[in-house]
file query10.txt (compact mmCIF, C-alpha atoms)
# COMPACT_ATOMS: atom_id res chain seq x y z
CA MET M 5 20.42 -17.36 17.88
CA GLY M 6 17.68 -15.02 19.15
CA THR M 7 14.75 -17.01 17.72
CA ASN M 8 11.84 -18.31 19.74
CA GLY M 9 10.12 -21.68 19.75
CA ASN M 10 11.05 -25.37 19.87
CA SER M 11 14.32 -26.69 18.48
CA ALA M 12 12.90 -27.85 15.13
CA THR M 13 11.27 -24.49 14.52
CA GLY M 14 14.40 -22.70 15.68
CA THR M 15 16.50 -24.69 13.23
CA MET M 16 14.17 -23.79 10.37
CA LYS M 17 14.26 -20.14 11.35
CA GLU M 18 18.04 -20.16 11.38
CA ALA M 19 18.07 -21.70 7.91
CA ALA M 20 15.59 -19.10 6.65
CA ARG M 21 17.73 -16.32 8.05
CA HIS M 22 20.85 -17.71 6.39
CA ALA M 23 19.01 -17.79 3.07
CA VAL M 24 18.07 -14.12 3.42
CA ASP M 25 21.64 -13.24 4.42
CA ARG M 26 23.04 -15.07 1.39
CA HIS M 27 20.95 -12.90 -0.89
CA ALA M 28 21.40 -9.64 1.04
CA GLU M 29 23.51 -7.92 -1.59
CA GLN M 30 21.07 -8.84 -4.36
CA LEU M 31 18.05 -7.75 -2.31
CA ILE M 32 19.63 -4.39 -1.56
CA GLY M 33 20.51 -4.06 -5.25
CA LEU M 34 16.89 -4.75 -6.20
CA SER M 35 15.66 -2.09 -3.79
CA GLU M 36 18.13 0.46 -5.13
CA ARG M 37 17.21 -0.38 -8.73
CA LEU M 38 13.52 0.22 -8.06
CA HIS M 39 14.23 3.39 -6.09
CA ALA M 40 16.28 4.86 -8.94
CA ASP M 41 13.62 4.07 -11.55
CA PRO M 42 10.19 4.89 -10.07
CA GLU M 43 7.07 3.94 -12.01
CA THR M 44 3.56 4.98 -11.06
CA ALA M 45 0.36 2.92 -10.73
CA TRP M 46 -0.36 0.50 -13.57
CA GLU M 47 2.85 1.61 -15.34
CA GLU M 48 5.33 -0.53 -13.34
CA HIS M 49 6.52 -2.55 -16.34
CA ARG M 50 10.23 -2.55 -15.49
CA ALA M 51 9.57 -3.20 -11.81
CA ALA M 52 7.22 -6.10 -12.55
CA ALA M 53 10.00 -7.69 -14.59
CA ALA M 54 12.82 -6.95 -12.13
CA VAL M 55 11.19 -8.01 -8.86
CA PRO M 56 10.67 -11.72 -9.70
CA GLU M 57 14.14 -12.19 -11.27
CA LEU M 58 15.75 -13.48 -8.05
CA LEU M 59 12.79 -15.76 -7.42
CA ASP M 60 12.99 -17.20 -10.91
CA ARG M 61 16.69 -17.98 -10.43
CA ALA M 62 15.91 -19.60 -7.07
CA GLY M 63 13.51 -22.08 -8.67
CA PHE M 64 10.18 -20.33 -8.20
CA ASP M 65 7.55 -20.88 -10.87
CA VAL M 66 6.91 -17.31 -12.10
CA THR M 67 3.76 -16.26 -13.94
CA PRO M 68 4.10 -12.78 -15.50
CA SER M 69 1.07 -10.64 -16.41
CA TYR M 70 -0.79 -12.59 -13.74
CA LEU M 71 -4.56 -12.82 -14.26
CA GLY M 72 -4.25 -10.63 -17.33
CA LEU M 73 -2.76 -7.66 -15.45
CA ASN M 74 0.37 -6.54 -17.30
CA THR M 75 2.25 -5.32 -14.22
CA ALA M 76 1.26 -8.11 -11.83
CA PHE M 77 2.99 -11.45 -11.31
CA LEU M 78 2.76 -14.60 -9.22
CA ALA M 79 5.80 -16.61 -8.13
CA ARG M 80 5.28 -19.95 -6.38
CA PHE M 81 7.59 -22.45 -4.65
CA GLY M 82 6.91 -25.70 -2.78
CA SER M 83 3.90 -27.93 -2.36
CA GLY M 84 3.14 -27.90 1.35
CA PRO M 85 -0.42 -27.72 2.71
CA VAL M 86 0.02 -24.26 4.28
CA ARG M 87 0.02 -21.46 1.70
CA ILE M 88 1.92 -18.32 2.68
CA ALA M 89 1.44 -15.26 0.44
CA LEU M 90 3.89 -12.36 0.42
CA CYS M 91 2.73 -9.15 -1.24
CA ALA M 92 5.26 -7.11 -3.20
CA GLU M 93 4.26 -3.54 -3.93
CA TYR M 94 6.44 -1.50 -6.28
CA ASP M 95 4.49 1.49 -7.58
CA ALA M 96 5.80 4.98 -6.85
CA LEU M 97 4.09 8.30 -6.19
CA PRO M 98 3.62 10.87 -8.97
CA GLY M 99 6.19 13.60 -8.46
CA LEU M 100 7.61 12.04 -5.29
CA GLY M 101 9.16 8.79 -6.49
CA HIS M 102 9.50 6.10 -3.83
CA ALA M 103 8.45 8.37 -0.98
CA CYS M 104 6.42 5.54 0.53
CA GLY M 105 9.21 2.98 0.28
CA HIS M 106 7.59 0.46 -2.01
CA ASN M 107 11.06 -0.43 -3.24
CA LEU M 108 11.69 -1.82 0.25
CA ILE M 109 8.33 -3.60 0.37
CA ALA M 110 9.13 -5.47 -2.84
CA ALA M 111 12.66 -6.40 -1.80
CA SER M 112 11.54 -7.54 1.67
CA ALA M 113 8.83 -9.73 0.14
CA VAL M 114 11.37 -11.34 -2.19
CA GLY M 115 13.79 -11.83 0.70
CA ALA M 116 11.12 -13.42 2.91
CA ALA M 117 10.13 -15.75 0.07
CA LEU M 118 13.73 -16.85 -0.43
CA GLY M 119 14.02 -17.50 3.29
CA LEU M 120 10.85 -19.57 3.33
CA ALA M 121 11.79 -21.47 0.20
CA ALA M 122 14.85 -22.77 2.05
CA VAL M 123 12.60 -24.51 4.61
CA ALA M 124 9.36 -24.98 2.66
CA ASP M 125 9.48 -28.77 2.70
CA ASP M 126 10.29 -29.03 6.41
CA ALA M 127 7.72 -26.39 7.38
CA GLY M 128 4.99 -27.79 5.14
CA LEU M 129 4.66 -24.62 3.12
CA THR M 130 3.77 -23.43 -0.33
CA VAL M 131 5.35 -20.00 -0.75
CA GLU M 132 3.64 -17.49 -3.03
CA VAL M 133 4.78 -13.99 -3.95
CA TYR M 134 2.14 -11.74 -5.44
CA GLY M 135 3.40 -8.78 -7.44
CA THR M 136 0.68 -6.25 -6.68
CA PRO M 137 0.60 -3.10 -8.83
CA ALA M 138 -1.17 0.20 -8.24
CA GLU M 139 -1.48 0.41 -4.47
CA GLU M 140 -1.17 4.21 -4.54
CA GLY M 141 -4.77 4.84 -5.50
CA GLY M 142 -5.29 2.27 -8.23
CA GLY M 143 -6.58 -0.62 -6.13
CA GLY M 144 -4.38 -3.26 -7.75
CA LYS M 145 -5.00 -5.88 -5.06
CA ILE M 146 -8.75 -5.35 -5.34
CA GLU M 147 -8.59 -5.98 -9.07
CA MET M 148 -6.52 -9.10 -8.39
CA LEU M 149 -9.03 -10.30 -5.78
CA ASP M 150 -11.87 -9.82 -8.25
CA ARG M 151 -9.98 -12.02 -10.72
CA GLY M 152 -9.40 -14.84 -8.21
CA ALA M 153 -6.06 -14.03 -6.56
CA PHE M 154 -5.39 -15.11 -2.97
CA THR M 155 -8.06 -17.83 -3.07
CA GLY M 156 -7.19 -20.50 -0.49
CA VAL M 157 -4.22 -18.61 0.98
CA ASP M 158 -3.66 -19.34 4.68
CA LEU M 159 -1.77 -16.16 5.54
CA ALA M 160 -0.96 -13.03 3.50
CA MET M 161 1.83 -10.72 4.69
CA MET M 162 3.86 -7.67 3.81
CA VAL M 163 5.96 -5.16 5.73
CA HIS M 164 5.75 -1.43 5.03
CA PRO M 165 8.40 1.24 5.69
CA ALA M 166 7.53 3.98 8.15
CA PRO M 167 9.44 6.40 10.37
CA VAL M 168 9.23 3.92 13.28
CA ASP M 169 8.19 0.30 13.88
CA VAL M 170 4.47 -0.28 14.47
CA ALA M 171 3.05 -3.80 14.55
CA GLU M 172 -0.65 -3.38 13.85
CA ALA M 173 -2.16 -1.76 10.77
CA ARG M 174 -5.30 0.28 11.45
CA PRO M 175 -5.92 1.91 8.06
CA PHE M 176 -8.89 4.02 7.11
CA ALA M 177 -11.31 2.80 4.50
CA VAL M 178 -11.05 5.13 1.51
CA SER M 179 -12.70 5.94 -1.80
CA HIS M 180 -10.86 7.53 -4.72
CA SER M 181 -12.75 9.70 -7.20
CA LYS M 182 -11.97 11.68 -10.32
CA VAL M 183 -14.11 14.81 -10.42
CA SER M 184 -14.65 16.74 -13.68
CA TYR M 185 -16.62 19.89 -14.48
CA THR M 186 -17.49 21.12 -17.96
CA GLY M 187 -18.55 24.71 -18.57
CA LYS M 188 -18.17 27.11 -21.48
CA SER M 189 -15.23 29.23 -22.53
CA ALA M 190 -15.45 32.94 -23.23
CA HIS M 191 -13.21 36.00 -23.32
CA ALA M 192 -12.67 36.87 -19.67
CA ALA M 193 -12.61 40.64 -20.28
CA ALA M 194 -14.79 41.25 -23.35
CA TYR M 195 -17.57 38.65 -22.93
CA PRO M 196 -17.38 37.18 -19.40
CA GLU M 197 -21.16 36.81 -19.23
CA ALA M 198 -20.98 34.26 -22.06
CA GLY M 199 -18.82 31.89 -20.03
CA ILE M 200 -19.58 29.11 -17.56
CA ASN M 201 -16.62 28.86 -15.21
CA ALA M 202 -15.49 25.31 -14.46
CA ALA M 203 -12.72 26.51 -12.13
CA ASP M 204 -15.30 28.35 -9.99
CA ALA M 205 -17.20 25.08 -9.62
CA PHE M 206 -14.24 23.60 -7.75
CA THR M 207 -14.00 26.72 -5.59
CA VAL M 208 -17.61 26.34 -4.54
CA ALA M 209 -17.16 22.61 -3.90
CA GLN M 210 -14.07 23.11 -1.76
CA VAL M 211 -15.77 25.80 0.32
CA ALA M 212 -18.71 23.43 0.84
CA ILE M 213 -16.36 20.62 1.89
CA GLY M 214 -14.57 22.95 4.28
CA LEU M 215 -17.85 23.89 5.94
CA LEU M 216 -18.97 20.25 6.02
CA ARG M 217 -15.94 19.22 8.06
CA GLN M 218 -17.47 20.61 11.27
CA GLN M 219 -20.20 17.98 11.01
CA LEU M 220 -17.94 15.05 10.11
CA PRO M 221 -16.67 12.40 12.55
CA GLY M 222 -13.30 13.32 14.01
CA SER M 223 -11.61 10.42 12.25
CA ALA M 224 -12.93 11.31 8.79
CA ARG M 225 -10.55 12.65 6.15
CA VAL M 226 -11.54 14.49 2.97
CA HIS M 227 -8.75 15.73 0.73
CA GLY M 228 -7.82 16.13 -2.90
CA VAL M 229 -6.09 18.11 -5.60
CA VAL M 230 -7.31 20.12 -8.57
CA THR M 231 -5.27 18.77 -11.46
CA HIS M 232 -6.55 21.14 -14.17
CA ALA M 233 -8.48 24.41 -13.94
CA GLY M 234 -7.97 26.34 -17.15
CA ASP M 235 -5.29 27.17 -19.67
CA ALA M 236 -5.16 30.95 -20.01
CA PRO M 237 -6.02 33.77 -17.59
CA ASN M 238 -7.93 35.67 -20.27
CA ALA M 239 -10.29 32.78 -21.04
CA ILE M 240 -13.08 31.54 -18.80
CA PRO M 241 -12.03 27.94 -17.92
CA GLU M 242 -14.38 25.54 -19.67
CA ARG M 243 -12.98 22.39 -18.09
CA SER M 244 -11.60 21.51 -14.69
CA SER M 245 -10.69 18.22 -13.08
CA GLY M 246 -9.36 16.86 -9.81
CA ARG M 247 -8.81 13.76 -7.70
CA TRP M 248 -10.48 13.44 -4.32
CA TYR M 249 -10.23 10.92 -1.46
CA VAL M 250 -12.76 10.31 1.31
CA ARG M 251 -11.61 8.29 4.31
CA ALA M 252 -13.54 6.79 7.21
CA GLU M 253 -12.99 4.19 9.91
CA THR M 254 -14.85 1.43 8.05
CA LEU M 255 -16.46 0.74 4.70
CA ALA M 256 -19.85 1.04 6.40
CA GLU M 257 -19.02 4.51 7.72
CA LEU M 258 -17.56 5.46 4.33
CA ALA M 259 -20.82 4.48 2.61
CA ASP M 260 -22.65 6.96 4.86
CA LEU M 261 -20.06 9.73 4.57
CA GLU M 262 -19.21 9.72 0.86
CA PRO M 263 -22.63 10.87 -0.45
CA ARG M 264 -22.42 13.94 1.79
CA VAL M 265 -19.09 14.88 0.22
CA MET M 266 -20.38 14.23 -3.28
CA ARG M 267 -23.21 16.71 -2.65
CA ALA M 268 -20.54 19.39 -2.18
CA PHE M 269 -19.36 18.72 -5.73
CA GLU M 270 -22.96 18.81 -6.90
CA ALA M 271 -23.25 22.24 -5.25
CA GLY M 272 -20.36 23.45 -7.38
CA ALA M 273 -22.17 22.35 -10.52
CA LEU M 274 -25.47 23.84 -9.41
CA ALA M 275 -23.99 27.20 -8.48
CA THR M 276 -22.05 27.66 -11.72
CA GLY M 277 -24.19 25.84 -14.24
CA CYS M 278 -21.44 23.34 -15.08
CA ASP M 279 -21.95 19.71 -15.93
CA LEU M 280 -20.42 17.33 -13.36
CA VAL M 281 -18.96 13.82 -13.81
CA ILE M 282 -17.64 11.80 -10.85
CA GLU M 283 -15.81 8.57 -11.67
CA PRO M 284 -14.38 6.09 -9.14
CA GLU M 285 -10.70 5.38 -9.73
CA SER M 286 -11.00 2.01 -8.03
CA LYS M 287 -13.28 0.17 -5.67
CA PRO M 288 -13.01 1.50 -2.11
CA TYR M 289 -10.16 0.29 0.09
CA ALA M 290 -11.36 -1.54 3.21
CA GLU M 291 -10.34 -1.29 6.82
CA PHE M 292 -7.88 -3.96 8.01
CA ARG M 293 -8.77 -7.22 9.74
CA THR M 294 -5.64 -8.42 11.55
CA ASP M 295 -4.78 -12.06 12.24
CA GLU M 296 -3.88 -11.57 15.88
CA THR M 297 -1.96 -14.83 16.21
CA ALA M 298 0.23 -14.08 13.20
CA LEU M 299 0.76 -10.53 14.43
CA ALA M 300 1.91 -11.82 17.81
CA HIS M 301 4.38 -14.08 16.02
CA TYR M 302 5.64 -11.18 13.91
CA ARG M 303 6.01 -8.94 16.95
CA ALA M 304 8.00 -11.57 18.83
CA ASN M 305 10.16 -12.28 15.79
CA ALA M 306 10.89 -8.59 15.25
CA VAL M 307 11.85 -8.15 18.90
CA ALA M 308 14.15 -11.18 18.62
CA LEU M 309 15.88 -9.35 15.76
CA GLY M 310 16.41 -6.30 17.95
CA ARG M 311 13.54 -4.19 16.61
CA GLU M 312 11.74 -1.85 19.03
CA PHE M 313 8.10 -0.91 18.55
CA ALA M 314 7.16 2.72 19.02
CA PRO M 315 4.52 3.78 21.54
CA PRO M 316 1.30 5.30 20.22
CA GLY M 317 1.74 8.86 19.05
CA GLN M 318 2.37 11.08 16.09
CA ALA M 319 5.45 9.19 14.89
CA ALA M 320 3.47 5.94 14.79
CA ARG M 321 0.51 7.28 12.82
CA MET M 322 1.56 5.76 9.50
CA ASN M 323 -0.42 2.69 10.57
CA ARG M 324 -3.59 4.69 9.79
CA ALA M 325 -2.68 5.04 6.11
CA SER M 326 -5.19 3.39 3.78
CA THR M 327 -4.15 0.34 1.78
CA ASP M 328 -5.76 -2.13 -0.59
CA MET M 329 -4.17 -4.81 1.59
CA GLY M 330 -7.20 -4.13 3.79
CA ASN M 331 -9.37 -5.74 1.12
CA VAL M 332 -7.10 -8.79 1.10
CA SER M 333 -7.47 -9.01 4.89
CA GLN M 334 -11.25 -9.20 4.53
CA VAL M 335 -10.85 -12.41 2.50
CA VAL M 336 -7.85 -14.22 4.01
CA SER M 337 -5.84 -13.99 7.24
CA ALA M 338 -3.34 -11.16 6.97
CA ILE M 339 -0.89 -8.86 8.72
CA HIS M 340 0.60 -5.54 7.57
CA PRO M 341 3.22 -4.37 10.08
CA TYR M 342 5.32 -1.23 9.64
CA ILE M 343 9.09 -1.23 9.93
CA GLY M 344 11.02 1.89 10.86
CA ILE M 345 13.78 3.36 8.70
CA GLY M 346 14.87 6.03 11.19
CA SER M 347 13.65 8.90 9.03
CA LEU M 348 12.22 11.33 11.56
CA PRO M 349 11.36 14.16 11.22
CA ALA M 350 10.75 13.02 7.63
CA THR M 351 7.57 10.99 7.18
CA ASN M 352 5.95 9.09 4.32
CA HIS M 353 5.04 10.96 1.13
CA GLN M 354 7.80 13.51 1.52
CA HIS M 355 10.89 13.90 -0.66
CA GLU M 356 13.00 13.58 2.47
CA PHE M 357 11.43 10.20 3.28
CA ALA M 358 12.24 8.96 -0.22
CA ALA M 359 15.89 9.76 0.45
CA PHE M 360 15.79 7.55 3.56
CA CYS M 361 14.44 4.58 1.55
CA VAL M 362 17.97 3.70 0.44
CA GLY M 363 21.08 3.54 2.57
CA GLY M 364 22.03 2.05 5.91
CA THR M 365 18.85 2.17 8.01
CA ALA M 366 16.72 1.24 5.01
CA GLU M 367 18.94 -1.75 4.26
CA ARG M 368 18.66 -2.98 7.84
CA ALA M 369 14.86 -2.56 7.71
CA LEU M 370 14.72 -4.45 4.41
CA LEU M 371 16.62 -7.44 5.75
CA ASP M 372 14.99 -7.42 9.20
CA GLY M 373 11.58 -7.22 7.56
CA ALA M 374 12.39 -10.13 5.27
CA VAL M 375 13.60 -12.30 8.15
CA ALA M 376 10.71 -11.36 10.46
CA LEU M 377 8.18 -12.24 7.75
CA ALA M 378 9.97 -15.50 6.96
CA TRP M 379 10.04 -16.47 10.62
CA THR M 380 6.34 -15.65 10.91
CA GLY M 381 5.68 -17.91 7.94
CA VAL M 382 7.58 -20.70 9.68
CA ASP M 383 5.48 -20.11 12.81
CA ARG M 384 2.30 -20.50 10.78
CA GLY M 385 3.56 -23.65 9.11
CA ALA M 386 5.06 -25.13 12.26
CA PRO M 387 3.62 -23.32 15.30
CA THR M 388 5.98 -22.71 18.19
CA THR M 389 5.17 -23.89 21.69
CA ASP M 390 6.61 -20.99 23.64
CA LEU M 391 5.85 -17.75 21.82
CA LEU M 392 7.72 -14.81 23.27
CA SER M 393 5.59 -12.14 24.92
CA PRO M 394 4.86 -9.10 22.74
call {"tool": "encode", "arguments": {"input": "query10.txt", "output": "structure tokens"}}
result
Amino acid sequence: MGTNGNSATGTMKEAARHAVDRHAEQLIGLSERLHADPETAWEEHRAAAAVPELLDRAGFDVTPSYLGLNTAFLARFGSGPVRIALCAEYDALPGLGHACGHNLIAASAVGAALGLAAVADDAGLTVEVYGTPAEEGGGGKIEMLDRGAFTGVDLAMMVHPAPVDVAEARPFAVSHSKVSYTGKSAHAAAYPEAGINAADAFTVAQVAIGLLRQQLPGSARVHGVVTHAGDAPNAIPERSSGRWYVRAETLAELADLEPRVMRAFEAGALATGCDLVIEPESKPYAEFRTDETALAHYRANAVALGREFAPPGQAARMNRASTDMGNVSQVVSAIHPYIGIGSLPATNHQHEFAAFCVGGTAERALLDGAVALAWTGVDRGAPTTDLLSP
């Protein structure tokens, strides 16, 4: 059978796997449906309706628009004392579609929930699936936490596509900011002295950030895009805007680093005479706090399924990507492993990676991820006595 643990646990794991296998075609269909119809943060209306459909038909109690968030949901099954939460992400990237594989995350979460529902009574579980919108910069899970989600959960889990398998998430803390400058328009040839150039303000700020990098910790990341910087080449741009991220190892380090970056934007305003507005797009994402016991269970379960974890290196660096699941991990026990889809040299947030998020290797990752999460839920509900070595 390939599972670990005592006979009772092994029997439950086999039943959970059979449940996932029975729904394989529907899970793959769900993933393909999401992939073909990408929706960005806070706009995932069709996805939020499609993802819980299988759960509803399987007897889960589904709450749409959970906690007043139109594209969130909660689906619950069972009444056991151990509450297992599975997080389904389904937002896509602007311009890139599902280039981070959230279609697979959602389908794997649904599959794992169906597997656990098959053994919930025997394993003493309550199975909960949280539909979590706006991970790609919108902080959906943080908003859900602020409204009371995940309270009392014993273990929260999800599995994220990557080029290769990596067990432990080590994401950066990150802040997301919208930066806007307002100047004054003027004819660029006839009356340039009458203008206040909002595009130049971003130029100054980006030069200042570039020079600042020499003094930043090696692990820090500062990056962004200018989304608007004028409308006509013969008019001094009166408005400019952009989105900027600042990343650090921890929230504490981020709190020290972010003001230094913001001063670079202030320099742009000072040098040009523009007005500056900086607005947070969400609360900062936190670093991840891993439940080591659950991660050891997941690792052993994945190995039992034939998965191989990559050694440290460039291919494995997706585990540094920031996620609002880090904020969940600060409140409840959690794991966030990465499952490989065989995409190299393509990596996350590339069009080529999006193409790998459907098809053969993606389908195997979807189903393996669902089973590995389900088995890890069984381990938490009914701990094994002879955990396989990582």
call {"tool": "residues_around", "arguments": {"input": "query10.txt", "residues": "range 216-224 of chain M", "least_positions_apart": "3", "cutoff": "9 Å", "atoms": "all atoms listed in the file", "output": "number ranges by chain"}}
result
M: 176, 211-213, 250-253, 258, 261, 264-265, 268
call {"tool": "atom_distance", "arguments": {"input": "query10.txt", "atom1": "CA of Ile200 in chain M", "atom2": "CA of Glu285 in chain M"}}
result
26.5 Å
call {"tool": "residues_near_point", "arguments": {"input": "query10.txt", "point": "(-1.9, 6.8, -4.1)", "cutoff": "12 Å", "atoms": "only C-alpha atoms", "output": "PyMOL selection string"}}
result
chain M and resi 44-46+94-104+106+137-144+178-181+228+247-249+285-286+289+325-328+352-353
call {"tool": "residues_around", "arguments": {"input": "query10.txt", "residues": "Glu57 in chain M", "least_positions_apart": "4", "cutoff": "10 Å", "atoms": "all atoms listed in the file", "output": "PyMOL selection string"}}
result
chain M and resi 34+52-53+61-62+64+66+79+114
call {"tool": "residues_around", "arguments": {"input": "query10.txt", "residues": "Glu270 in chain M", "least_positions_apart": "5", "cutoff": "12 Å", "atoms": "only C-alpha atoms", "output": "number ranges by chain"}}
result
M: 183-185, 205-206, 208-210, 212-213, 263-265, 275-282
call {"tool": "residues_around", "arguments": {"input": "query10.txt", "residues": "Leu73 in chain M", "least_positions_apart": "2", "cutoff": "10 Å", "atoms": "only C-alpha atoms", "output": "PyMOL selection string"}}
result
chain M and resi 46+68-71+75-77+136-137+144+147-148+151
call {"tool": "atom_distance", "arguments": {"input": "query10.txt", "atom1": "CA of Arg243 in chain M", "atom2": "CA of Gly214 in chain M"}}
result
22.4 Å
call {"tool": "residues_around", "arguments": {"input": "query10.txt", "residues": "Val335 in chain M", "least_positions_apart": "4", "cutoff": "12 Å", "atoms": "all atoms listed in the file", "output": "tab-separated table (two decimals) with C-alpha atoms, in the frame of the given file"}}
result
chain	number	residue	atom	x	y	z
M	145	LYS	CA	-5.00	-5.88	-5.06
M	146	ILE	CA	-8.75	-5.35	-5.34
M	149	LEU	CA	-9.03	-10.30	-5.78
M	150	ASP	CA	-11.87	-9.82	-8.25
M	152	GLY	CA	-9.40	-14.84	-8.21
M	153	ALA	CA	-6.06	-14.03	-6.56
M	154	PHE	CA	-5.39	-15.11	-2.97
M	155	THR	CA	-8.06	-17.83	-3.07
M	156	GLY	CA	-7.19	-20.50	-0.49
M	157	VAL	CA	-4.22	-18.61	0.98
M	158	ASP	CA	-3.66	-19.34	4.68
M	159	LEU	CA	-1.77	-16.16	5.54
M	160	ALA	CA	-0.96	-13.03	3.50
M	290	ALA	CA	-11.36	-1.54	3.21
M	291	GLU	CA	-10.34	-1.29	6.82
M	292	PHE	CA	-7.88	-3.96	8.01
M	293	ARG	CA	-8.77	-7.22	9.74
M	294	THR	CA	-5.64	-8.42	11.55
M	295	ASP	CA	-4.78	-12.06	12.24
M	328	ASP	CA	-5.76	-2.13	-0.59
M	329	MET	CA	-4.17	-4.81	1.59
M	330	GLY	CA	-7.20	-4.13	3.79
M	331	ASN	CA	-9.37	-5.74	1.12
call {"tool": "build_atoms", "arguments": {"input": "query10.txt", "residues": "range 254-265 of chain M", "atoms": "N, CA, C and O atoms", "output": "PDB file, in the frame of the given file"}}
result
ATOM      1  N   THR M 254     -14.441   2.710   8.643  1.00  0.00           N
ATOM      2  CA  THR M 254     -14.850   1.430   8.050  1.00  0.00           C
ATOM      3  C   THR M 254     -15.554   1.690   6.724  1.00  0.00           C
ATOM      4  O   THR M 254     -15.984   2.817   6.425  1.00  0.00           O
ATOM      5  N   LEU M 255     -15.697   0.631   5.940  1.00  0.00           N
ATOM      6  CA  LEU M 255     -16.460   0.740   4.700  1.00  0.00           C
ATOM      7  C   LEU M 255     -17.904   1.154   4.974  1.00  0.00           C
ATOM      8  O   LEU M 255     -18.498   1.916   4.200  1.00  0.00           O
ATOM      9  N   ALA M 256     -18.474   0.672   6.067  1.00  0.00           N
ATOM     10  CA  ALA M 256     -19.850   1.040   6.400  1.00  0.00           C
ATOM     11  C   ALA M 256     -19.950   2.530   6.683  1.00  0.00           C
ATOM     12  O   ALA M 256     -20.884   3.206   6.215  1.00  0.00           O
ATOM     13  N   GLU M 257     -19.013   3.075   7.440  1.00  0.00           N
ATOM     14  CA  GLU M 257     -19.020   4.510   7.720  1.00  0.00           C
ATOM     15  C   GLU M 257     -18.751   5.310   6.449  1.00  0.00           C
ATOM     16  O   GLU M 257     -19.340   6.375   6.236  1.00  0.00           O
ATOM     17  N   LEU M 258     -17.872   4.789   5.591  1.00  0.00           N
ATOM     18  CA  LEU M 258     -17.560   5.460   4.330  1.00  0.00           C
ATOM     19  C   LEU M 258     -18.813   5.547   3.459  1.00  0.00           C
ATOM     20  O   LEU M 258     -19.064   6.584   2.808  1.00  0.00           O
ATOM     21  N   ALA M 259     -19.612   4.493   3.432  1.00  0.00           N
ATOM     22  CA  ALA M 259     -20.820   4.480   2.610  1.00  0.00           C
ATOM     23  C   ALA M 259     -21.800   5.557   3.060  1.00  0.00           C
ATOM     24  O   ALA M 259     -22.564   6.100   2.251  1.00  0.00           O
ATOM     25  N   ASP M 260     -21.787   5.903   4.346  1.00  0.00           N
ATOM     26  CA  ASP M 260     -22.650   6.960   4.860  1.00  0.00           C
ATOM     27  C   ASP M 260     -22.059   8.341   4.592  1.00  0.00           C
ATOM     28  O   ASP M 260     -22.778   9.300   4.299  1.00  0.00           O
ATOM     29  N   LEU M 261     -20.740   8.450   4.670  1.00  0.00           N
ATOM     30  CA  LEU M 261     -20.060   9.730   4.570  1.00  0.00           C
ATOM     31  C   LEU M 261     -19.904  10.211   3.122  1.00  0.00           C
ATOM     32  O   LEU M 261     -20.094  11.400   2.823  1.00  0.00           O
ATOM     33  N   GLU M 262     -19.567   9.308   2.220  1.00  0.00           N
ATOM     34  CA  GLU M 262     -19.210   9.720   0.860  1.00  0.00           C
ATOM     35  C   GLU M 262     -20.317  10.489   0.143  1.00  0.00           C
ATOM     36  O   GLU M 262     -20.034  11.511  -0.512  1.00  0.00           O
ATOM     37  N   PRO M 263     -21.599  10.091   0.247  1.00  0.00           N
ATOM     38  CA  PRO M 263     -22.630  10.870  -0.450  1.00  0.00           C
ATOM     39  C   PRO M 263     -22.707  12.319   0.026  1.00  0.00           C
ATOM     40  O   PRO M 263     -23.043  13.216  -0.768  1.00  0.00           O
ATOM     41  N   ARG M 264     -22.387  12.567   1.283  1.00  0.00           N
ATOM     42  CA  ARG M 264     -22.420  13.940   1.790  1.00  0.00           C
ATOM     43  C   ARG M 264     -21.329  14.781   1.128  1.00  0.00           C
ATOM     44  O   ARG M 264     -21.533  15.958   0.819  1.00  0.00           O
ATOM     45  N   VAL M 265     -20.172  14.163   0.891  1.00  0.00           N
ATOM     46  CA  VAL M 265     -19.090  14.880   0.220  1.00  0.00           C
ATOM     47  C   VAL M 265     -19.441  15.086  -1.256  1.00  0.00           C
ATOM     48  O   VAL M 265     -19.190  16.166  -1.822  1.00  0.00           O
TER      49      VAL M 265
END
